[in-house]
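K.L.:
Have a peek at query-v7.cif (mmCIF, C-alpha atoms and all ligand atoms).
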```cif
data_start
#
loop_
_atom_site.label_atom_id
_atom_site.label_comp_id
_atom_site.auth_asym_id
_atom_site.auth_seq_id
_atom_site.Cartn_x
_atom_site.Cartn_y
_atom_site.Cartn_z
CA MET A 1 62.03 125.95 135.98
CA ARG A 2 63.51 122.73 134.56
CA LYS A 3 60.94 120.09 133.54
CA ARG A 4 62.17 117.60 136.17
CA ASP A 5 61.76 120.22 138.94
CA GLU A 6 58.37 121.37 137.60
CA LEU A 7 57.03 117.80 137.67
CA ARG A 8 58.52 117.06 141.12
CA GLY A 9 57.07 120.30 142.58
CA PRO A 10 56.01 122.26 144.40
CA SER A 11 55.38 124.16 141.17
CA CYS A 12 52.68 125.68 138.96
CA MET A 13 52.13 122.22 137.45
CA THR A 14 51.73 120.40 140.76
CA ASN A 15 49.55 123.27 142.10
CA ALA A 16 47.25 123.28 139.04
CA LEU A 17 43.81 121.78 139.52
CA ASP A 18 43.24 118.50 137.68
CA ASP A 19 40.75 120.08 135.25
CA GLU A 20 42.46 123.48 135.00
CA MET A 21 43.83 124.63 131.61
CA VAL A 22 47.63 125.08 131.49
CA PHE A 23 50.01 126.28 128.77
CA VAL A 24 53.63 125.09 128.57
CA LEU A 25 56.49 126.90 126.78
CA LEU A 26 59.56 124.87 125.84
CA GLY A 27 63.09 126.23 126.22
CA ARG A 28 63.82 125.63 122.52
CA ASP A 29 60.87 127.81 121.42
CA ALA A 30 62.30 131.10 120.10
CA ALA A 31 59.09 132.90 121.13
CA ALA A 32 59.18 131.65 124.74
CA PRO A 33 61.44 134.34 126.32
CA LEU A 34 59.35 137.14 124.81
CA ALA A 35 56.10 135.50 125.96
CA ILE A 36 57.45 134.96 129.49
CA ARG A 37 58.57 138.60 129.80
CA ALA A 38 55.20 139.82 128.46
CA TRP A 39 53.41 137.66 131.06
CA ALA A 40 55.60 139.01 133.89
CA GLU A 41 55.08 142.62 132.75
CA ALA A 42 51.31 142.01 132.53
CA ARG A 43 51.26 140.63 136.11
CA ILE A 44 53.08 143.76 137.30
CA ALA A 45 50.83 146.12 135.26
CA LEU A 46 47.71 144.45 136.67
CA GLY A 47 49.01 144.93 140.20
CA LEU A 48 49.16 141.20 140.83
CA ASN A 49 52.90 141.19 141.48
CA GLU A 50 55.83 143.46 142.21
CA ARG A 51 58.98 143.30 140.07
CA THR A 52 60.88 141.93 143.08
CA ASP A 53 58.44 139.06 143.77
CA GLU A 54 60.12 135.66 143.60
CA LYS A 55 57.73 134.47 140.86
CA ILE A 56 58.56 137.48 138.65
CA VAL A 57 62.32 137.36 139.30
CA GLU A 58 62.27 133.64 138.44
CA ALA A 59 60.31 134.33 135.23
CA PHE A 60 62.83 136.90 133.98
CA LYS A 61 65.72 134.59 134.93
CA CYS A 62 64.01 131.71 133.09
CA ALA A 63 63.64 133.84 129.93
CA GLU A 64 67.32 134.83 130.12
CA THR A 65 68.44 131.22 130.64
CA MET A 66 66.34 130.07 127.67
CA GLU A 67 68.01 132.68 125.45
CA LEU A 68 71.50 131.71 126.63
CA GLU A 69 70.81 128.01 126.06
CA MET A 70 69.28 128.63 122.61
CA THR A 71 72.35 130.69 121.66
CA ALA A 72 74.71 127.97 122.93
CA THR A 73 72.77 125.30 121.00
CA ALA A 74 72.84 127.42 117.81
CA LEU A 75 76.59 128.03 118.16
CA ARG A 76 77.27 124.30 118.66
CA ALA A 77 75.15 123.45 115.60
CA ALA A 78 76.93 126.08 113.47
CA GLU A 79 80.34 124.81 114.61
CA GLU A 80 79.34 121.22 113.84
CA LYS A 81 78.06 122.27 110.39
CA LYS A 82 81.33 124.11 109.71
CA LYS A 83 83.32 121.02 110.75
CA ARG A 84 81.23 118.75 108.54
CA ALA A 85 81.61 121.14 105.59
CA ARG A 86 85.38 120.75 105.71
CA ARG A 87 85.20 116.99 105.21
CA CYS A 88 84.93 114.82 102.12
CA PRO A 89 81.25 113.89 101.76
CA ARG A 90 82.20 110.41 100.48
CA CYS A 91 85.08 109.20 102.71
CA ASP A 92 84.79 111.77 105.56
CA SER A 93 88.48 112.76 105.22
CA PRO A 94 89.18 116.12 106.92
CA ASP A 95 92.07 116.90 104.53
CA PRO A 96 91.75 117.21 100.72
CA LYS A 97 95.35 115.96 100.36
CA ARG A 98 94.54 112.69 102.12
CA HIS A 99 92.87 110.08 99.90
CA PRO A 100 91.92 107.26 102.21
CA ALA A 101 91.46 103.88 100.61
CA MET A 102 87.79 102.98 100.27
CA GLN A 103 86.08 99.66 99.91
CA PHE A 104 84.06 99.70 96.67
CA GLU A 105 82.31 96.58 95.35
CA GLY A 106 84.89 94.31 96.97
CA GLU A 107 87.89 96.31 95.72
CA VAL A 108 90.02 98.80 97.59
CA GLN A 109 90.48 102.11 95.77
CA ILE A 110 91.47 105.73 96.41
CA CYS A 111 88.53 108.00 97.18
CA PRO A 112 87.53 109.54 93.84
CA ASP A 113 85.53 112.46 95.28
CA SER A 114 86.20 115.93 93.83
CA PHE A 115 86.87 117.14 97.41
CA HIS A 116 90.42 115.82 96.92
CA GLY A 117 90.98 118.05 93.87
ZN ZN A 201 87.11 111.41 99.91
#
```
Using structure tokens, write down the structure that the file contains.
Ligand SMILES: [Zn+2]

P.N.:
Amino acid sequence: MRKRDELRGPSCMTNALDDEMVFVLLGRDAAAPLAIRAWAEARIALGLNERTDEKIVEAFKCAETMELEMTATALRAAEEKKKRARRCPRCDSPDPKRHPAMQFEGEVQICPDSFHG
């Protein structure tokens, strides 16, 4: 469940007693999907739930969504890193053949970075 929906309720968080212990897993935690699936399997093994119960179906879907979102975030970060790596670290030019003029101590000069060859 998304944080905003969990806090709005009805949810585990809004149903929890004021002095009851709770444990929250964040979607960016690489261990969260595994922990959620282990919890769901434990509920089934203990006879507390059936695999088709809404709570269990939602748990497996949550774990899957977390994995998809972590993968998408990792892909975006890798793409951004790749893009940044192709740029001059000093003038941010995306093309080694382009030497943009830079302001340096009051004078305009061609970017001297080795990125430009
Ligand atoms: Zn440059």

K.L.:
Figure out the distance between CA of Met70 in chain A and CA of Asp92 in chain A, please, to one decimal in Å.

P.N.:
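The value is 28.6 Å.
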
K.L.:
Distance limit 6 Å, reference ligand ZN 201 (chain A), atoms considered: only C-alpha atoms and all ligand atoms. Which residues make the cut? Give them as a ChimeraX atom specification.

P.N.:
/A:88,90-91,93,99,111,113

K.L.:
List as a tab-separated table every residue of range 72-113 of chain A that is in contact with range 24-34 of chain A, defined as an atom at most 12 Å from one of its atoms (using all atoms listed in the file), together with the nearest atom pair and the distance in Å rounded to one decimal, sorted by chain and then rising number.

P.N.:
```
residue	atom	partner	partner_atom	distance
A:Ala72	CA	A:Arg28	CA	11.1
A:Thr73	CA	A:Arg28	CA	9.1
A:Ala74	CA	A:Arg28	CA	10.3
```

K.L.:
Just checking: using all atoms listed in the file, which residue out of A:Thr71, A:Glu50, A:Ser114, A:Glu105 ends up closest to Arg87 in chain A?

P.N.:
A:Ser114

K.L.:
Put a box with edges along x, y and z around all the listed atoms of range 86-102 of chain A, pad it by 5 Å on each side, then give me its centre and sizes in Å, one decimal, as lines of an AutoDock Vina configuration file.

P.N.:
```
center_x = 88.3
center_y = 111.9
center_z = 103.4
size_x = 24.1
size_y = 27.8
size_z = 17.0
```

K.L.:
Pull out range 66-112 of chain A, keep N, CA and C atoms, and write it as a PDB file, in the first residue's frame.

P.N.:
```pdb
ATOM      1  N   MET A  66       7.149  -3.186  -5.719  1.00  0.00           N
ATOM      2  CA  MET A  66       8.413  -2.654  -5.172  1.00  0.00           C
ATOM      3  C   MET A  66       9.588  -3.023  -6.075  1.00  0.00           C
ATOM      4  N   GLU A  67       9.625  -4.277  -6.521  1.00  0.00           N
ATOM      5  CA  GLU A  67      10.727  -4.719  -7.389  1.00  0.00           C
ATOM      6  C   GLU A  67      10.717  -3.964  -8.714  1.00  0.00           C
ATOM      7  N   LEU A  68       9.531  -3.804  -9.299  1.00  0.00           N
ATOM      8  CA  LEU A  68       9.431  -3.074 -10.572  1.00  0.00           C
ATOM      9  C   LEU A  68       9.884  -1.626 -10.406  1.00  0.00           C
ATOM     10  N   GLU A  69       9.466  -0.992  -9.312  1.00  0.00           N
ATOM     11  CA  GLU A  69       9.837   0.407  -9.099  1.00  0.00           C
ATOM     12  C   GLU A  69      11.327   0.549  -8.780  1.00  0.00           C
ATOM     13  N   MET A  70      11.894  -0.407  -8.046  1.00  0.00           N
ATOM     14  CA  MET A  70      13.337  -0.356  -7.770  1.00  0.00           C
ATOM     15  C   MET A  70      14.120  -0.529  -9.065  1.00  0.00           C
ATOM     16  N   THR A  71      13.660  -1.425  -9.938  1.00  0.00           N
ATOM     17  CA  THR A  71      14.325  -1.640 -11.226  1.00  0.00           C
ATOM     18  C   THR A  71      14.243  -0.378 -12.074  1.00  0.00           C
ATOM     19  N   ALA A  72      13.055   0.230 -12.134  1.00  0.00           N
ATOM     20  CA  ALA A  72      12.888   1.456 -12.925  1.00  0.00           C
ATOM     21  C   ALA A  72      13.786   2.568 -12.391  1.00  0.00           C
ATOM     22  N   THR A  73      13.871   2.702 -11.078  1.00  0.00           N
ATOM     23  CA  THR A  73      14.720   3.734 -10.464  1.00  0.00           C
ATOM     24  C   THR A  73      16.190   3.469 -10.794  1.00  0.00           C
ATOM     25  N   ALA A  74      16.610   2.202 -10.721  1.00  0.00           N
ATOM     26  CA  ALA A  74      18.005   1.847 -11.016  1.00  0.00           C
ATOM     27  C   ALA A  74      18.328   2.113 -12.483  1.00  0.00           C
ATOM     28  N   LEU A  75      17.390   1.812 -13.382  1.00  0.00           N
ATOM     29  CA  LEU A  75      17.610   2.051 -14.809  1.00  0.00           C
ATOM     30  C   LEU A  75      17.726   3.551 -15.098  1.00  0.00           C
ATOM     31  N   ARG A  76      16.855   4.347 -14.468  1.00  0.00           N
ATOM     32  CA  ARG A  76      16.920   5.808 -14.653  1.00  0.00           C
ATOM     33  C   ARG A  76      18.253   6.349 -14.155  1.00  0.00           C
ATOM     34  N   ALA A  77      18.708   5.873 -13.000  1.00  0.00           N
ATOM     35  CA  ALA A  77      19.975   6.335 -12.426  1.00  0.00           C
ATOM     36  C   ALA A  77      21.149   5.946 -13.324  1.00  0.00           C
ATOM     37  N   ALA A  78      21.117   4.716 -13.871  1.00  0.00           N
ATOM     38  CA  ALA A  78      22.198   4.263 -14.754  1.00  0.00           C
ATOM     39  C   ALA A  78      22.219   5.087 -16.039  1.00  0.00           C
ATOM     40  N   GLU A  79      21.031   5.385 -16.573  1.00  0.00           N
ATOM     41  CA  GLU A  79      20.931   6.191 -17.799  1.00  0.00           C
ATOM     42  C   GLU A  79      21.452   7.602 -17.546  1.00  0.00           C
ATOM     43  N   GLU A  80      21.089   8.167 -16.411  1.00  0.00           N
ATOM     44  CA  GLU A  80      21.549   9.515 -16.047  1.00  0.00           C
ATOM     45  C   GLU A  80      23.071   9.532 -15.879  1.00  0.00           C
ATOM     46  N   LYS A  81      23.611   8.489 -15.249  1.00  0.00           N
ATOM     47  CA  LYS A  81      25.063   8.387 -15.048  1.00  0.00           C
ATOM     48  C   LYS A  81      25.779   8.289 -16.393  1.00  0.00           C
ATOM     49  N   LYS A  82      25.200   7.491 -17.310  1.00  0.00           N
ATOM     50  CA  LYS A  82      25.768   7.339 -18.651  1.00  0.00           C
ATOM     51  C   LYS A  82      25.772   8.680 -19.383  1.00  0.00           C
ATOM     52  N   LYS A  83      24.655   9.417 -19.263  1.00  0.00           N
ATOM     53  CA  LYS A  83      24.541  10.727 -19.912  1.00  0.00           C
ATOM     54  C   LYS A  83      25.586  11.679 -19.369  1.00  0.00           C
ATOM     55  N   ARG A  84      25.725  11.687 -18.039  1.00  0.00           N
ATOM     56  CA  ARG A  84      26.677  12.599 -17.392  1.00  0.00           C
ATOM     57  C   ARG A  84      28.104  12.231 -17.787  1.00  0.00           C
ATOM     58  N   ALA A  85      28.379  10.947 -17.985  1.00  0.00           N
ATOM     59  CA  ALA A  85      29.734  10.508 -18.307  1.00  0.00           C
ATOM     60  C   ALA A  85      30.157  10.972 -19.684  1.00  0.00           C
ATOM     61  N   ARG A  86      29.208  11.266 -20.549  1.00  0.00           N
ATOM     62  CA  ARG A  86      29.523  11.698 -21.908  1.00  0.00           C
ATOM     63  C   ARG A  86      29.699  13.206 -22.007  1.00  0.00           C
ATOM     64  N   ARG A  87      29.739  13.888 -20.890  1.00  0.00           N
ATOM     65  CA  ARG A  87      29.848  15.351 -20.910  1.00  0.00           C
ATOM     66  C   ARG A  87      31.181  15.802 -20.314  1.00  0.00           C
ATOM     67  N   CYS A  88      31.610  16.966 -20.763  1.00  0.00           N
ATOM     68  CA  CYS A  88      32.828  17.561 -20.201  1.00  0.00           C
ATOM     69  C   CYS A  88      32.565  17.884 -18.728  1.00  0.00           C
ATOM     70  N   PRO A  89      33.433  17.436 -17.840  1.00  0.00           N
ATOM     71  CA  PRO A  89      33.216  17.697 -16.413  1.00  0.00           C
ATOM     72  C   PRO A  89      33.383  19.181 -16.052  1.00  0.00           C
ATOM     73  N   ARG A  90      34.049  19.949 -16.922  1.00  0.00           N
ATOM     74  CA  ARG A  90      34.303  21.355 -16.595  1.00  0.00           C
ATOM     75  C   ARG A  90      33.248  22.300 -17.183  1.00  0.00           C
ATOM     76  N   CYS A  91      32.908  22.114 -18.490  1.00  0.00           N
ATOM     77  CA  CYS A  91      31.966  23.044 -19.124  1.00  0.00           C
ATOM     78  C   CYS A  91      30.619  22.404 -19.430  1.00  0.00           C
ATOM     79  N   ASP A  92      30.499  21.082 -19.186  1.00  0.00           N
ATOM     80  CA  ASP A  92      29.253  20.332 -19.370  1.00  0.00           C
ATOM     81  C   ASP A  92      28.885  20.167 -20.847  1.00  0.00           C
ATOM     82  N   SER A  93      29.835  20.379 -21.760  1.00  0.00           N
ATOM     83  CA  SER A  93      29.570  20.184 -23.189  1.00  0.00           C
ATOM     84  C   SER A  93      29.326  18.700 -23.470  1.00  0.00           C
ATOM     85  N   PRO A  94      28.289  18.379 -24.266  1.00  0.00           N
ATOM     86  CA  PRO A  94      28.020  16.977 -24.589  1.00  0.00           C
ATOM     87  C   PRO A  94      28.872  16.463 -25.747  1.00  0.00           C
ATOM     88  N   ASP A  95      29.635  17.340 -26.403  1.00  0.00           N
ATOM     89  CA  ASP A  95      30.387  16.970 -27.603  1.00  0.00           C
ATOM     90  C   ASP A  95      31.857  17.395 -27.456  1.00  0.00           C
ATOM     91  N   PRO A  96      32.799  16.434 -27.542  1.00  0.00           N
ATOM     92  CA  PRO A  96      34.217  16.789 -27.390  1.00  0.00           C
ATOM     93  C   PRO A  96      34.698  17.812 -28.419  1.00  0.00           C
ATOM     94  N   LYS A  97      34.020  17.869 -29.580  1.00  0.00           N
ATOM     95  CA  LYS A  97      34.442  18.809 -30.631  1.00  0.00           C
ATOM     96  C   LYS A  97      33.968  20.236 -30.359  1.00  0.00           C
ATOM     97  N   ARG A  98      33.039  20.379 -29.446  1.00  0.00           N
ATOM     98  CA  ARG A  98      32.540  21.729 -29.118  1.00  0.00           C
ATOM     99  C   ARG A  98      33.276  22.248 -27.892  1.00  0.00           C
ATOM    100  N   HIS A  99      33.925  23.393 -28.041  1.00  0.00           N
ATOM    101  CA  HIS A  99      34.663  24.023 -26.942  1.00  0.00           C
ATOM    102  C   HIS A  99      33.947  25.306 -26.560  1.00  0.00           C
ATOM    103  N   PRO A 100      32.952  25.220 -25.743  1.00  0.00           N
ATOM    104  CA  PRO A 100      32.236  26.449 -25.371  1.00  0.00           C
ATOM    105  C   PRO A 100      33.167  27.426 -24.660  1.00  0.00           C
ATOM    106  N   ALA A 101      32.906  28.697 -24.887  1.00  0.00           N
ATOM    107  CA  ALA A 101      33.686  29.724 -24.199  1.00  0.00           C
ATOM    108  C   ALA A 101      33.293  29.721 -22.731  1.00  0.00           C
ATOM    109  N   MET A 102      34.303  29.826 -21.865  1.00  0.00           N
ATOM    110  CA  MET A 102      34.050  29.827 -20.427  1.00  0.00           C
ATOM    111  C   MET A 102      34.535  31.128 -19.822  1.00  0.00           C
ATOM    112  N   GLN A 103      33.850  31.526 -18.779  1.00  0.00           N
ATOM    113  CA  GLN A 103      34.281  32.705 -18.036  1.00  0.00           C
ATOM    114  C   GLN A 103      35.311  32.233 -17.012  1.00  0.00           C
ATOM    115  N   PHE A 104      36.529  32.793 -17.054  1.00  0.00           N
ATOM    116  CA  PHE A 104      37.557  32.397 -16.098  1.00  0.00           C
ATOM    117  C   PHE A 104      38.283  33.634 -15.596  1.00  0.00           C
ATOM    118  N   GLU A 105      38.141  33.949 -14.360  1.00  0.00           N
ATOM    119  CA  GLU A 105      38.756  35.129 -13.726  1.00  0.00           C
ATOM    120  C   GLU A 105      38.559  36.386 -14.572  1.00  0.00           C
ATOM    121  N   GLY A 106      37.321  36.596 -15.001  1.00  0.00           N
ATOM    122  CA  GLY A 106      36.983  37.812 -15.736  1.00  0.00           C
ATOM    123  C   GLY A 106      37.309  37.759 -17.221  1.00  0.00           C
ATOM    124  N   GLU A 107      37.950  36.695 -17.684  1.00  0.00           N
ATOM    125  CA  GLU A 107      38.266  36.585 -19.109  1.00  0.00           C
ATOM    126  C   GLU A 107      37.505  35.415 -19.721  1.00  0.00           C
ATOM    127  N   VAL A 108      37.159  35.594 -20.991  1.00  0.00           N
ATOM    128  CA  VAL A 108      36.477  34.520 -21.713  1.00  0.00           C
ATOM    129  C   VAL A 108      37.532  33.685 -22.417  1.00  0.00           C
ATOM    130  N   GLN A 109      37.483  32.367 -22.243  1.00  0.00           N
ATOM    131  CA  GLN A 109      38.450  31.492 -22.901  1.00  0.00           C
ATOM    132  C   GLN A 109      37.788  30.178 -23.318  1.00  0.00           C
ATOM    133  N   ILE A 110      38.462  29.440 -24.200  1.00  0.00           N
ATOM    134  CA  ILE A 110      37.967  28.145 -24.649  1.00  0.00           C
ATOM    135  C   ILE A 110      38.176  27.147 -23.507  1.00  0.00           C
ATOM    136  N   CYS A 111      37.245  26.250 -23.350  1.00  0.00           N
ATOM    137  CA  CYS A 111      37.361  25.253 -22.273  1.00  0.00           C
ATOM    138  C   CYS A 111      38.632  24.430 -22.492  1.00  0.00           C
ATOM    139  N   PRO A 112      39.511  24.402 -21.506  1.00  0.00           N
ATOM    140  CA  PRO A 112      40.791  23.704 -21.659  1.00  0.00           C
ATOM    141  C   PRO A 112      40.771  22.236 -21.231  1.00  0.00           C
TER     142      PRO A 112
END
```
